[in-house]
Amino acid sequence: MGATGISTTVKTADIRKVWEEMRATSNARWNGMYHEDAAYSGDWNTVSFGKVKKVLDKYSETKAKAWLKKNGDTLWDSIAKRDSITFDFGVVNYEVWTVKKSCPKNKKTPKYETKFVVYHKGGNYGETEVVDATTKTATEANTKASSLALKSDTVYHVKKTRVLISGTEETATFEIVKKIYKSKPKSVKKGSVLKEVHLYKILGIAAC
């Protein structure tokens, strides 16, 4: 199999998270198109997270361009197949992260109904396939599972569960609100977190 060079530029406060998202996206894209393992997709899922090399402390477009012009021809030299290198071009801005809590409007008390679910574990990865989730008694569910097992020579299971029939189960939502600053804030209120947003250039040698 071969290899191909891939690259991208991102601004983020968490390069590791961005990397995992890139890998997950390429995995999903390949599996969705071809329905098979993406070991030779030529995309980010075939590349490991390599070393991070700091270029600048504070981002400067002029300095970044000058560095790339000087080193551009050798950036790929030390990267092996399925490996990568990330160049950190410094802080571009700052973010203050604050948690925002919200509660559902017109919240109604949840009401449940006991049901018995008939299911089996099938497919290549043992996925759970629900056959019937409507039976109200164990006897009915057991009879159905027994009948299905005899017909198909497949192992069926029965489990007791509670099904939401009305109302709302969610009690609260917590999300991050981000405020961007060009310069580093002198102080951050209690409960908030200051994040440095860096500009990164990632180079990788993907398997294809």
# chains A, B, ... in the order shown; residues from 1 in each chain; ligands from 1
$ select_by_dssp --residues "region 7-153 of chain A" --states "helix (DSSP H, G or I)" --output "JSON, numbers by chain"
{"A": [15, 16, 17, 18, 19, 20, 21, 22, 23, 24, 25, 26, 27, 28, 29, 30, 31, 32, 33, 34, 44, 45, 46, 61, 62, 63, 64, 65, 66, 67, 68, 69, 70, 71, 72, 73, 74, 138, 139, 140, 141, 142, 143, 144, 145, 146, 147, 148, 149, 150, 151, 152]}
$ closest_residue --among "A:Asp43, A:Asp83, A:Glu61, A:Asp88" --to "Lys201 (chain A)" --atoms "only C-alpha atoms"
A:Asp88
$ residues_around --residues "region 98-115 of chain A" --least-positions-apart "6" --cutoff "10 Å" --atoms "only C-alpha atoms" --output "PyMOL selection string"
chain A and resi 132-138+141+159-179+188-194
$ closest_residue --among "A:Tyr200, A:Val91, A:Val158, A:Ser152" --to "Val118 (chain A)" --atoms "only C-alpha atoms"
A:Val158
$ decode --residues "region 42-123 of chain A" --atoms "C-alpha atoms" --output "PDB file, in the first residue's frame"
ATOM      1  CA  GLY A  42      -5.502   8.263   2.907  1.00  0.00           C
ATOM      2  CA  ASP A  43      -7.179  10.368   5.598  1.00  0.00           C
ATOM      3  CA  TRP A  44      -6.545  11.444   9.194  1.00  0.00           C
ATOM      4  CA  ASN A  45      -7.830   8.217  10.719  1.00  0.00           C
ATOM      5  CA  THR A  46      -4.699   6.445   9.390  1.00  0.00           C
ATOM      6  CA  VAL A  47      -2.347   8.903  11.110  1.00  0.00           C
ATOM      7  CA  SER A  48      -1.245   8.979  14.750  1.00  0.00           C
ATOM      8  CA  PHE A  49      -0.911  12.118  16.844  1.00  0.00           C
ATOM      9  CA  GLY A  50       2.794  12.930  16.689  1.00  0.00           C
ATOM     10  CA  LYS A  51       5.001  15.489  18.342  1.00  0.00           C
ATOM     11  CA  VAL A  52       4.076  19.164  18.663  1.00  0.00           C
ATOM     12  CA  LYS A  53       6.805  21.657  17.770  1.00  0.00           C
ATOM     13  CA  LYS A  54       6.558  25.226  19.022  1.00  0.00           C
ATOM     14  CA  VAL A  55       7.421  27.843  16.398  1.00  0.00           C
ATOM     15  CA  LEU A  56       6.164  31.083  17.990  1.00  0.00           C
ATOM     16  CA  ASP A  57       4.890  32.078  21.437  1.00  0.00           C
ATOM     17  CA  LYS A  58       2.544  34.749  20.039  1.00  0.00           C
ATOM     18  CA  TYR A  59       1.171  34.467  16.519  1.00  0.00           C
ATOM     19  CA  SER A  60       2.427  36.917  13.908  1.00  0.00           C
ATOM     20  CA  GLU A  61       1.412  36.484  10.278  1.00  0.00           C
ATOM     21  CA  THR A  62       4.646  38.076   9.099  1.00  0.00           C
ATOM     22  CA  LYS A  63       6.843  35.863  11.264  1.00  0.00           C
ATOM     23  CA  ALA A  64       4.832  32.753  10.404  1.00  0.00           C
ATOM     24  CA  LYS A  65       5.178  33.368   6.656  1.00  0.00           C
ATOM     25  CA  ALA A  66       8.906  34.015   7.030  1.00  0.00           C
ATOM     26  CA  TRP A  67       9.374  30.776   8.982  1.00  0.00           C
ATOM     27  CA  LEU A  68       7.415  28.750   6.439  1.00  0.00           C
ATOM     28  CA  LYS A  69       9.380  30.285   3.570  1.00  0.00           C
ATOM     29  CA  LYS A  70      12.647  29.373   5.257  1.00  0.00           C
ATOM     30  CA  ASN A  71      11.673  25.851   6.391  1.00  0.00           C
ATOM     31  CA  GLY A  72       8.942  24.866   3.940  1.00  0.00           C
ATOM     32  CA  ASP A  73      11.083  22.476   1.912  1.00  0.00           C
ATOM     33  CA  THR A  74      12.100  20.389   4.936  1.00  0.00           C
ATOM     34  CA  LEU A  75       8.849  20.208   6.953  1.00  0.00           C
ATOM     35  CA  TRP A  76       7.971  16.741   5.675  1.00  0.00           C
ATOM     36  CA  ASP A  77      11.424  15.196   5.972  1.00  0.00           C
ATOM     37  CA  SER A  78      11.104  13.784   9.484  1.00  0.00           C
ATOM     38  CA  ILE A  79       7.556  12.382   9.173  1.00  0.00           C
ATOM     39  CA  ALA A  80       7.165   8.634   8.781  1.00  0.00           C
ATOM     40  CA  LYS A  81       4.179   6.843   7.252  1.00  0.00           C
ATOM     41  CA  ARG A  82       1.155   6.934   9.588  1.00  0.00           C
ATOM     42  CA  ASP A  83       2.833   9.641  11.675  1.00  0.00           C
ATOM     43  CA  SER A  84       2.416  13.409  11.928  1.00  0.00           C
ATOM     44  CA  ILE A  85       3.934  16.597  13.273  1.00  0.00           C
ATOM     45  CA  THR A  86       2.057  19.646  14.539  1.00  0.00           C
ATOM     46  CA  PHE A  87       3.613  23.100  14.347  1.00  0.00           C
ATOM     47  CA  ASP A  88       2.406  25.556  16.996  1.00  0.00           C
ATOM     48  CA  PHE A  89       2.446  29.111  15.640  1.00  0.00           C
ATOM     49  CA  GLY A  90       1.483  30.657  18.951  1.00  0.00           C
ATOM     50  CA  VAL A  91      -1.447  32.367  20.623  1.00  0.00           C
ATOM     51  CA  VAL A  92      -3.920  34.102  18.291  1.00  0.00           C
ATOM     52  CA  ASN A  93      -6.444  35.103  20.948  1.00  0.00           C
ATOM     53  CA  TYR A  94      -7.898  34.135  24.310  1.00  0.00           C
ATOM     54  CA  GLU A  95     -11.212  32.614  25.329  1.00  0.00           C
ATOM     55  CA  VAL A  96     -12.961  32.747  28.673  1.00  0.00           C
ATOM     56  CA  TRP A  97     -15.179  29.701  29.162  1.00  0.00           C
ATOM     57  CA  THR A  98     -18.169  29.986  31.462  1.00  0.00           C
ATOM     58  CA  VAL A  99     -20.708  27.281  32.225  1.00  0.00           C
ATOM     59  CA  LYS A 100     -24.324  28.220  31.494  1.00  0.00           C
ATOM     60  CA  LYS A 101     -27.077  26.224  33.153  1.00  0.00           C
ATOM     61  CA  SER A 102     -30.597  26.100  31.756  1.00  0.00           C
ATOM     62  CA  CYS A 103     -33.694  24.139  32.733  1.00  0.00           C
ATOM     63  CA  PRO A 104     -36.471  22.854  30.457  1.00  0.00           C
ATOM     64  CA  LYS A 105     -39.408  25.204  30.048  1.00  0.00           C
ATOM     65  CA  ASN A 106     -42.845  23.922  31.013  1.00  0.00           C
ATOM     66  CA  LYS A 107     -41.284  20.874  32.623  1.00  0.00           C
ATOM     67  CA  LYS A 108     -43.794  18.143  33.388  1.00  0.00           C
ATOM     68  CA  THR A 109     -43.367  15.298  35.856  1.00  0.00           C
ATOM     69  CA  PRO A 110     -42.249  12.165  33.987  1.00  0.00           C
ATOM     70  CA  LYS A 111     -44.597   9.189  33.950  1.00  0.00           C
ATOM     71  CA  TYR A 112     -43.424   5.686  33.141  1.00  0.00           C
ATOM     72  CA  GLU A 113     -44.896   2.381  32.163  1.00  0.00           C
ATOM     73  CA  THR A 114     -43.274  -0.998  32.765  1.00  0.00           C
ATOM     74  CA  LYS A 115     -42.625  -2.969  29.581  1.00  0.00           C
ATOM     75  CA  PHE A 116     -40.778  -6.159  28.682  1.00  0.00           C
ATOM     76  CA  VAL A 117     -38.400  -5.996  25.733  1.00  0.00           C
ATOM     77  CA  VAL A 118     -37.583  -8.951  23.505  1.00  0.00           C
ATOM     78  CA  TYR A 119     -34.209  -8.649  21.788  1.00  0.00           C
ATOM     79  CA  HIS A 120     -31.242 -10.518  20.390  1.00  0.00           C
ATOM     80  CA  LYS A 121     -27.590  -9.686  19.780  1.00  0.00           C
ATOM     81  CA  GLY A 122     -26.651 -10.061  16.141  1.00  0.00           C
ATOM     82  CA  GLY A 123     -24.477  -8.689  13.351  1.00  0.00           C
TER      83      GLY A 123
END
